[in-house]
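Trainee: Dropping the structure in here first, questions after.
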Amino acid sequence: MIPVTKSKTHALTGAQAVAHAMKQINPDVVSVFPITPQTEIMMQFSQFHADGLVETEIVRVESEHSSMSCCVGASAAGARAMTATSSAGLALMWEILGVASGLRLPIVMPIVNRALSAPINIHGDHSDAMGARDQGWLQIFSENAQEAYENTLLAVRLAEHKDVLLPVMVCQDGFITSHCVQNLNLFEDNVVKKFVGDYNPKKALLNTDDPVTYGPLQLQDYYFETQKQRADAILNSKKIYLELGKELSKVTGNNYPLFEEYKLKDADAVIVVMSSTAGNTKVVVDKLRKEGKKVGLLKPRLFRPFPYAEFGKALVGKKYVAVLDRAENYGANAPLFGEVKNALFDSVVCDENKNVPKLKSYIFGLGGRNIFESEIEDLFNLLLTGKFDETKVGYIGLRGEQK
Amino acid sequence: MTKLKTYKEIPIGGLIEKAGSSVEFKTGDWKAFKPVWDKEKCIHCMICPVLCPEDCIPVIKGKDPKRKETDFDYCKGCGICAKVCPVKCIKMIEEGSEGDSSD
């Protein structure tokens with residue numbers, strides 16, 4: 001990575017990295033409510049606030065439902081509004097998540113992914129974000145602190161883009177990313193501020209010269225039309241994500257693809273996995289490549305909207321694909337697996353050679369259970385034999401189950 | 001009835017982008033009962049215009065204010081005017097019934 005602009009290397013946790021992004025964004029309003037493991041973000045941000053480094057109005061609310069409601073109100077009023085949450089906090093926001101996207105409010109919310117209750121568990125898995133994946137929010141998943149930092153900057157521009165105007169979640173793995181100290185490059189304030197720019201809402205409640213009503217009743221006559229607008233906007237956001245990503249690349253020197261392809265081109269066996277586990281998988285890919293094994297990784301970054309066509313194109317023709325979900329989906333395909341399967345169906349319809357990979361779903365790491373490089377290595381080796389039962393869901397690191 | 005717009009023609013997010021547009025929303029067709037006002041009996045005490053929740057009883061302002069006929073474009077037929085009238089000069093009748101001469 002060669003930064004295009006001056007940057008300084010810091011040793012920070014993923015949560016602190018996001019707090020630094022928020023400091024540079026300097027939102028007008030931030031609502032705060034503590035929940036492990038997100039709390040670290042707001043602790044750090046509050047410190048910046050106390051030190052006078054941001055001009056933000058911090059609103060200490062009594063629940064996450066209020067926290068998202070606060071952001072909705074602030075955003076409708078014309079403010080750049082942010083909050084952050086995890087797990088049960090995101091679940092409690094659920095009702096208001098749809099209000100935020102339905103009113104087309106560009107709220108940016110870092111998520112530190114954590115398991116949902118019950119049983120109560122504070123550690124990292126994706127069940128919280130997956131539970132909120134169809135609420136009209138864009139979702140970007142980050143592998144490490146660096147990505148979480150940069151994705152947060154990108155998210156502000158993306159949310160506020162006139163052709164998007166939708167809220168964005170920027171996800172990172174609870175504890176694994178949020179609480180582990182990593183080296184990362186923070187870009188200079190003035191460069192970041194220039195990229196992020198000012199928020200100029202087209203319609204703001206506080207602009208009394210141009211009155212507007214947010215949230216009126218819509219019944220059988222107009223509700224349907226408004227939903228279609230939201231559906232189109234989120235599909236359209238994929239293009240804007242790529243455009244803005246190119247612009248951010250000029251600042252950071254990094255790329256912002258829909259998904260990362262790691263030694264994928266000629267791979268026979270592929271693992272599809274997102275967030276921090278993709279990092280572990282890269283290490284294993286490197287090791288196995290040295291042994292001459294054709295293995296590769298596909299790491300989703302933009303999960304909502306899901307880039308079906310691009311996924312299909314990247315995976316069709318591969319021999320073996322394992323999709324690793326850090327979330328259960330009770331009574332249905334695991335969230336990421338289901339999307340990959342959908343994407344492949346679309347591609348196969350277009351692919352005359354019908355090169356469908358043998359595709360298997362794996363669940364791993366629920367409640368923060370560790371996944372080890374040895375397990376990923378074993379999985380690659382199993383995939384390469386082609387001798388696995390793709391009709392059954394596999395479990396990695398679960399006692400009593402075989403892969 | 002005005003022609004409904006397509007999803008390409010309406011403001012995003014269901015926003016209403018101008019002030020005072022509620023006058024365009026004619027709530028009069030909600031009513032099942034309508035007030036019939038006896039002009040002769042009325043003492044213009046100004047109780048019903050004040051208590052009308054739809055503010056649809058017009059008043060000629062002045063030292064000696066006079067109420068006018070109810071604006072049926074907005075009257076929902078709640079019957080509060082009839083209830084509060086001290087001289088009982090407002091009667092609620094079923095719309096389209098024999099006593100309804102408005103159509």
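Starting from 1 in every chain, residues are counted up; chains themselves are A, B, ... following the order of the structure tokens, and ligands are numbered from 1 as listed.
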Per DSSP on the backbone, filter stretch 127-326 of chain A down to the residues in helix (DSSP H, G or I) and report them as a ChimeraX atom specification.

Mentor: /A:127-131,145-160,189-196,223-252,276-290,308-315

Trainee: Please produce a file of those selected residues containing C-alpha atoms, as an mmCIF file, in the first residue's frame.

Mentor:
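So the final result, stored in part12.cif, reads:
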data_model
loop_
_atom_site.group_PDB
_atom_site.id
_atom_site.type_symbol
_atom_site.label_atom_id
_atom_site.label_comp_id
_atom_site.auth_asym_id
_atom_site.auth_seq_id
_atom_site.Cartn_x
_atom_site.Cartn_y
_atom_site.Cartn_z
ATOM 1 C CA SER A 127 -26.046 -12.212 13.390
ATOM 2 C CA ASP A 128 -26.803 -8.585 14.301
ATOM 3 C CA ALA A 129 -26.022 -7.068 10.897
ATOM 4 C CA MET A 130 -27.577 -10.016 9.075
ATOM 5 C CA GLY A 131 -30.776 -9.515 11.006
ATOM 6 C CA ALA A 145 -9.086 -1.370 11.359
ATOM 7 C CA GLN A 146 -7.690 0.272 8.226
ATOM 8 C CA GLU A 147 -10.691 -0.758 6.176
ATOM 9 C CA ALA A 148 -13.133 0.232 8.918
ATOM 10 C CA TYR A 149 -11.533 3.686 9.006
ATOM 11 C CA GLU A 150 -11.590 4.215 5.262
ATOM 12 C CA ASN A 151 -15.023 2.649 4.753
ATOM 13 C CA THR A 152 -16.450 5.076 7.306
ATOM 14 C CA LEU A 153 -15.122 8.023 5.291
ATOM 15 C CA LEU A 154 -16.476 6.524 2.088
ATOM 16 C CA ALA A 155 -19.845 5.818 3.719
ATOM 17 C CA VAL A 156 -20.499 9.490 4.418
ATOM 18 C CA ARG A 157 -20.108 10.484 0.783
ATOM 19 C CA LEU A 158 -22.034 7.433 -0.367
ATOM 20 C CA ALA A 159 -24.976 8.020 1.962
ATOM 21 C CA GLU A 160 -25.213 11.697 1.072
ATOM 22 C CA ASP A 189 -7.372 15.982 8.550
ATOM 23 C CA ASN A 190 -7.480 18.534 5.758
ATOM 24 C CA VAL A 191 -7.261 15.876 3.051
ATOM 25 C CA VAL A 192 -10.017 13.807 4.638
ATOM 26 C CA LYS A 193 -12.193 16.867 5.228
ATOM 27 C CA LYS A 194 -11.787 17.827 1.602
ATOM 28 C CA PHE A 195 -12.903 14.366 0.524
ATOM 29 C CA VAL A 196 -15.832 14.195 2.922
ATOM 30 C CA TYR A 223 -46.799 3.961 -0.309
ATOM 31 C CA PHE A 224 -46.015 1.507 -3.118
ATOM 32 C CA GLU A 225 -44.404 4.203 -5.303
ATOM 33 C CA THR A 226 -42.202 5.358 -2.428
ATOM 34 C CA GLN A 227 -40.955 1.807 -1.819
ATOM 35 C CA LYS A 228 -40.028 1.462 -5.491
ATOM 36 C CA GLN A 229 -37.945 4.633 -5.236
ATOM 37 C CA ARG A 230 -36.035 3.198 -2.268
ATOM 38 C CA ALA A 231 -35.494 -0.129 -4.029
ATOM 39 C CA ASP A 232 -34.107 1.656 -7.100
ATOM 40 C CA ALA A 233 -31.882 3.913 -5.011
ATOM 41 C CA ILE A 234 -30.145 1.054 -3.220
ATOM 42 C CA LEU A 235 -29.543 -0.799 -6.477
ATOM 43 C CA ASN A 236 -28.164 2.380 -7.990
ATOM 44 C CA SER A 237 -25.822 2.873 -5.026
ATOM 45 C CA LYS A 238 -23.506 0.098 -6.260
ATOM 46 C CA LYS A 239 -22.364 2.292 -9.135
ATOM 47 C CA ILE A 240 -21.929 5.305 -6.860
ATOM 48 C CA TYR A 241 -19.942 3.186 -4.368
ATOM 49 C CA LEU A 242 -17.470 2.325 -7.131
ATOM 50 C CA GLU A 243 -17.266 5.918 -8.382
ATOM 51 C CA LEU A 244 -16.643 7.361 -4.940
ATOM 52 C CA GLY A 245 -14.251 4.525 -4.185
ATOM 53 C CA LYS A 246 -12.116 5.636 -7.122
ATOM 54 C CA GLU A 247 -12.140 9.159 -5.758
ATOM 55 C CA LEU A 248 -11.095 7.957 -2.302
ATOM 56 C CA SER A 249 -8.357 5.836 -3.877
ATOM 57 C CA LYS A 250 -6.689 9.051 -4.999
ATOM 58 C CA VAL A 251 -6.465 10.042 -1.331
ATOM 59 C CA THR A 252 -5.542 6.718 0.226
ATOM 60 C CA SER A 276 -11.605 -10.433 9.868
ATOM 61 C CA THR A 277 -11.665 -14.122 8.885
ATOM 62 C CA ALA A 278 -10.752 -13.077 5.347
ATOM 63 C CA GLY A 279 -7.437 -11.912 6.795
ATOM 64 C CA ASN A 280 -6.738 -15.324 8.296
ATOM 65 C CA THR A 281 -7.734 -16.951 5.033
ATOM 66 C CA LYS A 282 -5.218 -14.857 3.074
ATOM 67 C CA VAL A 283 -2.418 -16.237 5.252
ATOM 68 C CA VAL A 284 -3.575 -19.768 4.524
ATOM 69 C CA VAL A 285 -3.953 -19.045 0.804
ATOM 70 C CA ASP A 286 -0.350 -17.797 0.721
ATOM 71 C CA LYS A 287 0.877 -20.900 2.526
ATOM 72 C CA LEU A 288 -0.987 -23.332 0.282
ATOM 73 C CA ARG A 289 -0.002 -21.430 -2.859
ATOM 74 C CA LYS A 290 3.629 -22.017 -1.891
ATOM 75 C CA TYR A 308 -25.044 -10.610 -7.826
ATOM 76 C CA ALA A 309 -23.819 -10.314 -11.396
ATOM 77 C CA GLU A 310 -20.233 -9.545 -10.377
ATOM 78 C CA PHE A 311 -20.186 -12.399 -7.867
ATOM 79 C CA GLY A 312 -21.458 -14.842 -10.412
ATOM 80 C CA LYS A 313 -18.860 -13.735 -12.920
ATOM 81 C CA ALA A 314 -16.061 -14.135 -10.368
ATOM 82 C CA LEU A 315 -17.099 -17.626 -9.277
#

Trainee: Neighbours of stretch 325-336 of chain A within 7 Å (only C-alpha atoms; same-chain residues fewer than 2 positions away dropped), as a list of chain:residue names?

Mentor: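 Counting only C-alpha atoms, the residues come to A:Asp125, A:His126, A:Ser127, A:Met130, A:Val273, A:Val323, A:Gly338, A:Glu339, A:Val340, A:Tyr362, A:Ile363, A:Phe364, A:Gly365, A:Leu366.
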
Trainee: Could you dump the residues just selected with C-alpha atoms as a compact mmCIF listing (two decimals), in the first residue's frame?

Mentor:
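Just written: out_8.txt:
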# COMPACT_ATOMS: atom_id res chain seq x y z
CA ASP A 125 -20.43 -12.78 14.92
CA HIS A 126 -22.58 -11.36 12.15
CA SER A 127 -26.05 -12.21 13.39
CA MET A 130 -27.58 -10.02 9.07
CA VAL A 273 -15.75 -15.17 3.73
CA VAL A 323 -19.12 -19.99 1.62
CA GLY A 338 -27.86 -17.81 -0.01
CA GLU A 339 -26.70 -14.73 -1.90
CA VAL A 340 -23.77 -16.54 -3.52
CA TYR A 362 -20.34 -23.55 6.22
CA ILE A 363 -21.22 -21.92 9.50
CA PHE A 364 -18.39 -20.88 11.81
CA GLY A 365 -17.41 -18.65 14.68
CA LEU A 366 -20.80 -18.07 16.28

Trainee: As an exercise, work out the distance from atom CA of A:Asp51 to atom CA of A:Gln24 in Å and give it to one decimal place.

Mentor: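 One can read the atom CA of A:Asp51 to atom CA of A:Gln24 distance as 13.9 Å.
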
Trainee: According to DSSP computed on the backbone, where in stretch 14-76 of chain A is there strand (DSSP E)? Give the residues as a ChimeraX atom specification.

Mentor: /A:29-32,57-60

Trainee: Please write the residues from the selection above to a file, keeping N, CA and C atoms, as a PDB file, in the first residue's frame.

Mentor:
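To be explicit, this is the file written out as selection00.pdb:
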ATOM      1  N   VAL A  29     -24.368  15.991  14.591  1.00  0.00           N
ATOM      2  CA  VAL A  29     -25.028  15.357  15.739  1.00  0.00           C
ATOM      3  C   VAL A  29     -24.575  13.898  15.831  1.00  0.00           C
ATOM      4  N   VAL A  30     -24.240  13.474  17.038  1.00  0.00           N
ATOM      5  CA  VAL A  30     -23.940  12.063  17.289  1.00  0.00           C
ATOM      6  C   VAL A  30     -24.742  11.634  18.509  1.00  0.00           C
ATOM      7  N   SER A  31     -25.551  10.596  18.346  1.00  0.00           N
ATOM      8  CA  SER A  31     -26.275  10.078  19.501  1.00  0.00           C
ATOM      9  C   SER A  31     -25.494   8.894  20.055  1.00  0.00           C
ATOM     10  N   VAL A  32     -25.437   8.820  21.379  1.00  0.00           N
ATOM     11  CA  VAL A  32     -24.587   7.791  21.985  1.00  0.00           C
ATOM     12  C   VAL A  32     -25.367   6.971  23.007  1.00  0.00           C
ATOM     13  N   GLU A  57     -22.647  17.998  18.340  1.00  0.00           N
ATOM     14  CA  GLU A  57     -23.613  17.972  19.438  1.00  0.00           C
ATOM     15  C   GLU A  57     -23.795  16.503  19.806  1.00  0.00           C
ATOM     16  N   ILE A  58     -23.325  16.137  20.998  1.00  0.00           N
ATOM     17  CA  ILE A  58     -23.504  14.742  21.432  1.00  0.00           C
ATOM     18  C   ILE A  58     -24.797  14.636  22.227  1.00  0.00           C
ATOM     19  N   VAL A  59     -25.648  13.701  21.834  1.00  0.00           N
ATOM     20  CA  VAL A  59     -26.917  13.507  22.549  1.00  0.00           C
ATOM     21  C   VAL A  59     -26.842  12.150  23.242  1.00  0.00           C
ATOM     22  N   ARG A  60     -26.903  12.184  24.575  1.00  0.00           N
ATOM     23  CA  ARG A  60     -26.865  10.929  25.331  1.00  0.00           C
ATOM     24  C   ARG A  60     -28.301  10.453  25.504  1.00  0.00           C
TER      25      ARG A  60
END

Trainee: Could you name the residues that touch B:Val84 at 9 Å or less, counting only C-alpha atoms, but leaving out those on the same chain fewer than 6 positions away, as a list in words?

Mentor: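 Contacts, in chain order: Ile47, Cys48 and Leu51 of chain B.
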
Trainee: Residues of chain A within 12 Å of chain B, using only C-alpha atoms, as a ChimeraX atom specification?

Mentor: /A:76,98-106,136,162-166,202-205,207-233

Trainee: Near stretch 112-122 of chain A, counting only C-alpha atoms, which residues have an atom at most 8 Å away, once you skip same-chain residues fewer than 6 positions from it, shown as JSON, numbers by chain?

Mentor: {"A": [15, 36, 37, 38, 84, 85, 86, 87, 88, 128, 129, 171, 172, 173, 174, 178, 366, 367, 368]}

Trainee: What's around B:Phe72 at 9 Å? Count only C-alpha atoms, leave out sequence neighbours fewer than 2 positions away in its own chain, and write the answer as a list in words.

Mentor: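 Returned residues: Lys26, Thr27, Gly28, Asp29, Lys34, Cys56, Glu69, Thr70, Tyr74, Cys75, Lys76 and Gly77 of chain B.
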
Trainee: In Å, rounded to a single decimal, give me how far atom CA of A:Ser142 is from atom CA of A:Arg80.

Mentor: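 Straight-line distance from atom CA of A:Arg80 to atom CA of A:Ser142 works out to 22.3 Å.
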
Trainee: Determine the nearest neighbour of A:Val18 from the options A:Val54, A:Ile176, A:Leu92, A:Leu186, counting only C-alpha atoms.

Mentor: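 For A:Val18, the nearest of the given residues is A:Leu186.
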
Trainee: Tell me which of A:Phe337, A:Asn183, A:Lys387, A:Ile35 sits closest to A:His10, counting only C-alpha atoms.

Mentor: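 Distance minimum relative to A:His10 lands on A:Asn183.
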